[in-house]
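What follows is one structure encoded as structure tokens, with my remarks underneath.
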Amino acid sequence: MLNIIGTWVAATLTIGILSFLYRDNPLYKVAEHLYVGISAGFAVIYIWSFDVYPMLVDAFRTHLSQRNYVEAWVLVVPALLGLAMLCRPIPKLAVLSRWPLSFTIGIGSGLGLIASVQGYLLPQVSDTLRPLVTVNNALMSIGVIATLVYFYFSREHKGALGAISRVGIIFIMVAFGAAFGYTVMARVSLLIGRVYFLFHDWLPIIR
Amino acid sequence: MLQRNIPLVIVFVTALLLIVAFFIPHRPFGDLESRFLNWYAIVAGFTFLLGIDSLARHHLIRVFRRTQGWFYSLMLVLALFVTLGLGLYSWVRFRSPFALHAPFMWLYTYMIIPLQSTMFATLAFFIVSAAYRAFRVRNFAATLLLIAACLVMIGNVPLGGSVWSALIQFLPLPVKWGIWFGAKLLAIAMPDPRTADFVRFDLPAAFKTWLMSIPQAAAGRGINIGLALGGIAMSLRIILGIERTYLAS
Amino acid sequence: MKLWERLATIDRRILYLLLALAVVLPLIIRPRTRIQVSEPVQDAFTAVDQLPPGSVVMISVDFDPSSAPEVQPMLIAILRHCFKKDLKVIVTGHLALGLPLAEIALSQVPAEYGKVYGRDFVNIGYRPGYVAVMVGIGRELRDFFKTDYKGVPIDSYPFMRSVHTYRDIGLLVDLAHGATADAWIQYAGGRYNVKIIVGCTGVNAPNLFQYYHAHQIAGIIGGLQGAAEYESLVGKPGSATLGMPAQSAAHALVIVFLIIGNIGFLLARRRKGG
């Protein structure tokens, strides 16, 4: 019974969102606001059940029961940093949020620096520098270099630089066209999913 | 002064520790790195909650002041609190909010899924309309973009292969020989044992795979190398305290 | 000429209606469709297929309902493949709204193969701060995941006792709709050399071919077509295969409209020039 009610609720909300294609209307606005409210509530429950409870509350209790008092009380530090982060919207206390923000930015920058070099730059440059014995290898090397030259704006694109830059444009246009083709496929797939729900799960027209 | 300098020191020390721990993964650096990563996950969770407070306050003010559209704000606030209530109840009763029979899961299956997926499904209509109206072959670059897009769209669906299979049956013999010869040349560019099969059955798909793997990947790699270099420069600027825009309250 | 120019300015609601029909009619009629498998998908399939029975596969569910029609069929097909090969599966995720989709898949697929939670697969849940989690798992999984998503200690599951880092995982499967694929490749793949295959939406797929070419990932399953190809390899057609005729019709419609729009544009430009 709950599943039938749920299917009708889902269908109503689906049609509400799709009605925007004709024009903005109250049903669409209700669906839109419900979406924002439910998503916000979701985020809070998620953070409690997958972050705060297991990594702070439960971890603190476990350490205390195992008599690891140092490990337990050290958890107060990230808890305080997290609470300080929540002070950001309060004007008088916003300055407290600089410490946790700096901490997260420091971690992100440190990890990002290593990952950019080791995880992207070195493997990708290494793969570009292959012997030019096949058409594919030649195209790959030329394409990468020409694309990089196109985005080099410290000198005017004239002469040899201009010619290489124009080759770069060709590769970039092919990449953007391919991205567009894939994007069309992606968006149409989402529509197929919704249509299938409406005409199979809700109205049993599709067998 | 302290308000500015201590955050800069925190950024420098944490980033330096992670870099040192990469090269020296043993104690104490490795242990400190594990601890800091753990703390990062905890603090990142609190960051998620930052927007919720201002969202709830903004819409509650609209409801109390009865400004235009206050009914929709009321729907939003009610949805927020009902979700919180159902989520906590499900967590307490079923040990996880995502237990299959929990009310929270009902909310997810019959409200979140249709709302979020339909929001993005409407993009299909917009992309078709935008492509039809704005995608014009004004110059060589735009023509190239259009041709690449069409070839990828044809190659991404079985229709391309079906049309090709039907077409080659009706082609005259010299043309078929030409295709066979072209396939041999293509084998130099596409050293894949299935190339011959693809040319016979689904040339559009084979060409699409080659287009994605070589010219498209080359351009993407060039763009991303530029982005990676920029990211490295920005990371260094942040770590060394040259870039301080994140400190602005 | 005026007819062509009028065809270049069709009302958008007619376009929407034609697109809707192009999607609905093939779903009802269900024409037969032949799925040809591409090299990136074949390589992804082989990466799973080559694993010996009992190997551990970690599946990271990094998509949400906004891309579920494309990526959920991949998740179901990969789970079927893993269970058919008697592989052990660990499910995790980095998107808050994504893990329930994994729960939905895990409520359907394991029963088909007689697989049991805890013995054959485990859902360890979600932790925020995905970058830290990806690097942290390389040191010790239990730094972030001491319990599964229900709060049960993971060491109470026999096959999890021997899983500590990426070295104990045979393959990482990332099902992504955003930047997490790049993050897995750079943070986990680059640092710990873990073998990765990626299933992603059509929007992300173009960006992954550079990693595939550099052998940083072993395979790509891109978009609904990729999902249909994987389903055909597993031998159990699902919603992706069902959607391909509609996809074909929609793509044909888009191409026709692009051609019509441009013919009208070129004729109008010639008339103005003349």
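Each chain in the structure tokens gets a letter, A, B, ..., in the order shown, and its residues are numbered from 1; ligands are numbered from 1 in order too.
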
- Mind listing as a PyMOL selection string which residues of chain A are within 7 Å of chain C, counting only C-alpha atoms? chain A and resi 46+50-51+115-116+118-120+123-124+127+179+182-183+185-186+188-190+192-193+195+206

Just-selected residues, N, CA and C atoms written as a PDB file, in the first residue's frame:
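The resulting file, result_1.pdb, is reproduced below:
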```pdb
ATOM      1  N   TYR A  46      22.656  12.574   7.269  1.00  0.00           N
ATOM      2  CA  TYR A  46      23.850  11.913   6.762  1.00  0.00           C
ATOM      3  C   TYR A  46      25.060  12.227   7.622  1.00  0.00           C
ATOM      4  N   PHE A  50      26.844   9.225   9.561  1.00  0.00           N
ATOM      5  CA  PHE A  50      28.069   8.725   8.924  1.00  0.00           C
ATOM      6  C   PHE A  50      29.323   9.487   9.316  1.00  0.00           C
ATOM      7  N   ASP A  51      29.178  10.580  10.044  1.00  0.00           N
ATOM      8  CA  ASP A  51      30.371  11.352  10.377  1.00  0.00           C
ATOM      9  C   ASP A  51      30.460  11.595  11.876  1.00  0.00           C
ATOM     10  N   ALA A 115      49.173  14.980  -5.525  1.00  0.00           N
ATOM     11  CA  ALA A 115      48.338  14.238  -6.474  1.00  0.00           C
ATOM     12  C   ALA A 115      48.431  14.819  -7.879  1.00  0.00           C
ATOM     13  N   SER A 116      48.489  16.139  -7.986  1.00  0.00           N
ATOM     14  CA  SER A 116      48.587  16.763  -9.312  1.00  0.00           C
ATOM     15  C   SER A 116      49.845  16.325 -10.035  1.00  0.00           C
ATOM     16  N   GLN A 118      52.062  13.628  -9.066  1.00  0.00           N
ATOM     17  CA  GLN A 118      52.245  12.182  -9.181  1.00  0.00           C
ATOM     18  C   GLN A 118      51.092  11.510  -9.905  1.00  0.00           C
ATOM     19  N   GLY A 119      49.883  11.997  -9.668  1.00  0.00           N
ATOM     20  CA  GLY A 119      48.699  11.326 -10.205  1.00  0.00           C
ATOM     21  C   GLY A 119      48.258  11.835 -11.558  1.00  0.00           C
ATOM     22  N   TYR A 120      48.720  13.000 -11.964  1.00  0.00           N
ATOM     23  CA  TYR A 120      48.287  13.486 -13.266  1.00  0.00           C
ATOM     24  C   TYR A 120      49.456  13.878 -14.164  1.00  0.00           C
ATOM     25  N   PRO A 123      52.331  10.983 -15.184  1.00  0.00           N
ATOM     26  CA  PRO A 123      51.852   9.915 -16.077  1.00  0.00           C
ATOM     27  C   PRO A 123      51.388  10.440 -17.436  1.00  0.00           C
ATOM     28  N   GLN A 124      50.728  11.576 -17.437  1.00  0.00           N
ATOM     29  CA  GLN A 124      50.176  12.080 -18.693  1.00  0.00           C
ATOM     30  C   GLN A 124      51.285  12.586 -19.627  1.00  0.00           C
ATOM     31  N   ASP A 127      53.082   9.612 -21.003  1.00  0.00           N
ATOM     32  CA  ASP A 127      52.334   8.923 -22.055  1.00  0.00           C
ATOM     33  C   ASP A 127      52.343   9.702 -23.371  1.00  0.00           C
ATOM     34  N   ALA A 179      32.470  16.203 -26.647  1.00  0.00           N
ATOM     35  CA  ALA A 179      31.863  16.418 -25.328  1.00  0.00           C
ATOM     36  C   ALA A 179      30.381  16.739 -25.469  1.00  0.00           C
ATOM     37  N   TYR A 182      28.442  13.534 -26.249  1.00  0.00           N
ATOM     38  CA  TYR A 182      28.269  12.720 -25.046  1.00  0.00           C
ATOM     39  C   TYR A 182      27.280  13.352 -24.081  1.00  0.00           C
ATOM     40  N   THR A 183      27.276  14.682 -24.016  1.00  0.00           N
ATOM     41  CA  THR A 183      26.341  15.368 -23.117  1.00  0.00           C
ATOM     42  C   THR A 183      24.907  15.140 -23.568  1.00  0.00           C
ATOM     43  N   MET A 185      23.822  12.535 -25.147  1.00  0.00           N
ATOM     44  CA  MET A 185      23.514  11.156 -24.750  1.00  0.00           C
ATOM     45  C   MET A 185      23.173  11.090 -23.265  1.00  0.00           C
ATOM     46  N   ALA A 186      23.952  11.780 -22.440  1.00  0.00           N
ATOM     47  CA  ALA A 186      23.724  11.736 -20.996  1.00  0.00           C
ATOM     48  C   ALA A 186      22.353  12.292 -20.634  1.00  0.00           C
ATOM     49  N   VAL A 188      19.670  12.748 -22.542  1.00  0.00           N
ATOM     50  CA  VAL A 188      18.566  11.944 -23.077  1.00  0.00           C
ATOM     51  C   VAL A 188      18.379  10.681 -22.235  1.00  0.00           C
ATOM     52  N   SER A 189      19.480  10.121 -21.750  1.00  0.00           N
ATOM     53  CA  SER A 189      19.384   8.922 -20.890  1.00  0.00           C
ATOM     54  C   SER A 189      18.568   9.213 -19.639  1.00  0.00           C
ATOM     55  N   LEU A 190      18.777  10.396 -19.063  1.00  0.00           N
ATOM     56  CA  LEU A 190      18.022  10.750 -17.863  1.00  0.00           C
ATOM     57  C   LEU A 190      16.538  10.844 -18.182  1.00  0.00           C
ATOM     58  N   ILE A 192      14.999   9.221 -20.565  1.00  0.00           N
ATOM     59  CA  ILE A 192      14.517   7.847 -20.782  1.00  0.00           C
ATOM     60  C   ILE A 192      14.174   7.204 -19.445  1.00  0.00           C
ATOM     61  N   GLY A 193      15.032   7.414 -18.442  1.00  0.00           N
ATOM     62  CA  GLY A 193      14.778   6.864 -17.112  1.00  0.00           C
ATOM     63  C   GLY A 193      13.462   7.351 -16.525  1.00  0.00           C
ATOM     64  N   VAL A 195      10.859   8.699 -18.190  1.00  0.00           N
ATOM     65  CA  VAL A 195       9.732   8.246 -19.015  1.00  0.00           C
ATOM     66  C   VAL A 195       9.407   6.791 -18.695  1.00  0.00           C
ATOM     67  N   ILE A 206       4.186   0.358 -20.670  1.00  0.00           N
ATOM     68  CA  ILE A 206       5.373  -0.376 -21.145  1.00  0.00           C
ATOM     69  C   ILE A 206       5.439  -1.679 -20.348  1.00  0.00           C
TER      70      ILE A 206
END
```

Could the residues of stretch 72-129 of chain A that have an atom at most 9 Å from stretch 18-42 of chain B be listed as a Markdown table, each with its closest atom pair and the distance in Å to one decimal, counting only C-alpha atoms and ordered by chain and ascending residue number?
```
| residue | atom | partner | partner_atom | distance |
| --- | --- | --- | --- | --- |
| A:Leu75 | CA | B:Trp39 | CA | 8.3 |
| A:Val77 | CA | B:Trp39 | CA | 8.3 |
| A:Pro78 | CA | B:Trp39 | CA | 5.4 |
| A:Ala79 | CA | B:Ile42 | CA | 7.6 |
| A:Leu81 | CA | B:Trp39 | CA | 8.8 |
| A:Gly82 | CA | B:Ile42 | CA | 7.1 |
| A:Pro100 | CA | B:Tyr40 | CA | 9.0 |
| A:Phe103 | CA | B:Tyr40 | CA | 7.7 |
| A:Thr104 | CA | B:Tyr40 | CA | 6.1 |
| A:Gly106 | CA | B:Leu18 | CA | 9.0 |
| A:Ile107 | CA | B:Leu18 | CA | 7.2 |
| A:Gly110 | CA | B:Leu18 | CA | 5.7 |
| A:Leu111 | CA | B:Leu18 | CA | 6.7 |
| A:Leu113 | CA | B:Ile19 | CA | 8.4 |
| A:Ile114 | CA | B:Ile19 | CA | 7.2 |
```

- Hey, what does DSSP flag as helix (DSSP H, G or I) within stretch 136-171 of chain B? Can you give it to me as a ChimeraX atom specification? /B:140-155,158-169

Store the residues picked out above in a file with C-alpha atoms, as a CSV table (one decimal), in the first residue's frame.
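Result went into part.csv, see below:
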```
chain,number,residue,atom,x,y,z
B,140,PHE,CA,35.3,26.5,-39.9
B,141,ALA,CA,35.7,25.9,-36.1
B,142,ALA,CA,31.9,25.7,-35.6
B,143,THR,CA,31.6,23.3,-38.5
B,144,LEU,CA,34.3,21.0,-37.1
B,145,LEU,CA,32.5,21.1,-33.8
B,146,LEU,CA,29.2,20.2,-35.4
B,147,ILE,CA,30.7,17.3,-37.4
B,148,ALA,CA,32.5,15.9,-34.4
B,149,ALA,CA,29.3,16.1,-32.3
B,150,CYS,CA,27.2,14.4,-35.0
B,151,LEU,CA,29.8,11.6,-35.5
B,152,VAL,CA,29.9,10.9,-31.8
B,153,MET,CA,26.1,11.0,-31.5
B,154,ILE,CA,25.8,8.4,-34.3
B,155,GLY,CA,28.6,6.3,-32.9
B,158,PRO,CA,23.2,1.1,-32.2
B,159,LEU,CA,21.4,2.9,-34.9
B,160,GLY,CA,24.7,4.0,-36.4
B,161,GLY,CA,25.8,0.4,-36.8
B,162,SER,CA,22.4,-0.8,-38.1
B,163,VAL,CA,22.4,2.0,-40.8
B,164,TRP,CA,26.0,1.1,-41.7
B,165,SER,CA,25.3,-2.6,-42.0
B,166,ALA,CA,22.3,-2.0,-44.2
B,167,LEU,CA,24.2,0.5,-46.3
B,168,ILE,CA,27.2,-1.6,-47.2
B,169,GLN,CA,25.0,-4.4,-48.5
```

- Task: Give the residues of chain A that lie within 6 Å of chain B; count only C-alpha atoms, and format the answer as a ChimeraX atom specification.
- Result: /A:6,10,14,30,33-34,37-38,41,45,47,78,82,86,99,102-103,106-107,109-110,113,116,135-136,140,143-144,147-148,171-175,177-178,180-181,187-188,190-191

- Mind checking which residues fall within 8 Å of C:Leu175, counting only C-alpha atoms, ignoring those fewer than 5 positions away in the same chain, and posting them as a ChimeraX atom specification? /C:59-63,71,74-75,181,198-200

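Of note, atom CA of B:Leu171 and atom CA of B:Ala183 are spaced 15.8 Å apart.
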
- Message: Just checking: using only C-alpha atoms, which residue out of C:Pro100, C:Pro153, C:Gly93, C:Gly136 ends up closest to C:Gly118?
- Response: C:Pro153

- Message: Quick check, in Å to one decimal: how far apart do atom CA of A:Val117 and atom CA of B:Gly241 lie?
- Response: 20.6 Å

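Between atom CA of B:Gly178 and atom CA of A:Ala138 the interatomic distance comes to 24.9 Å.
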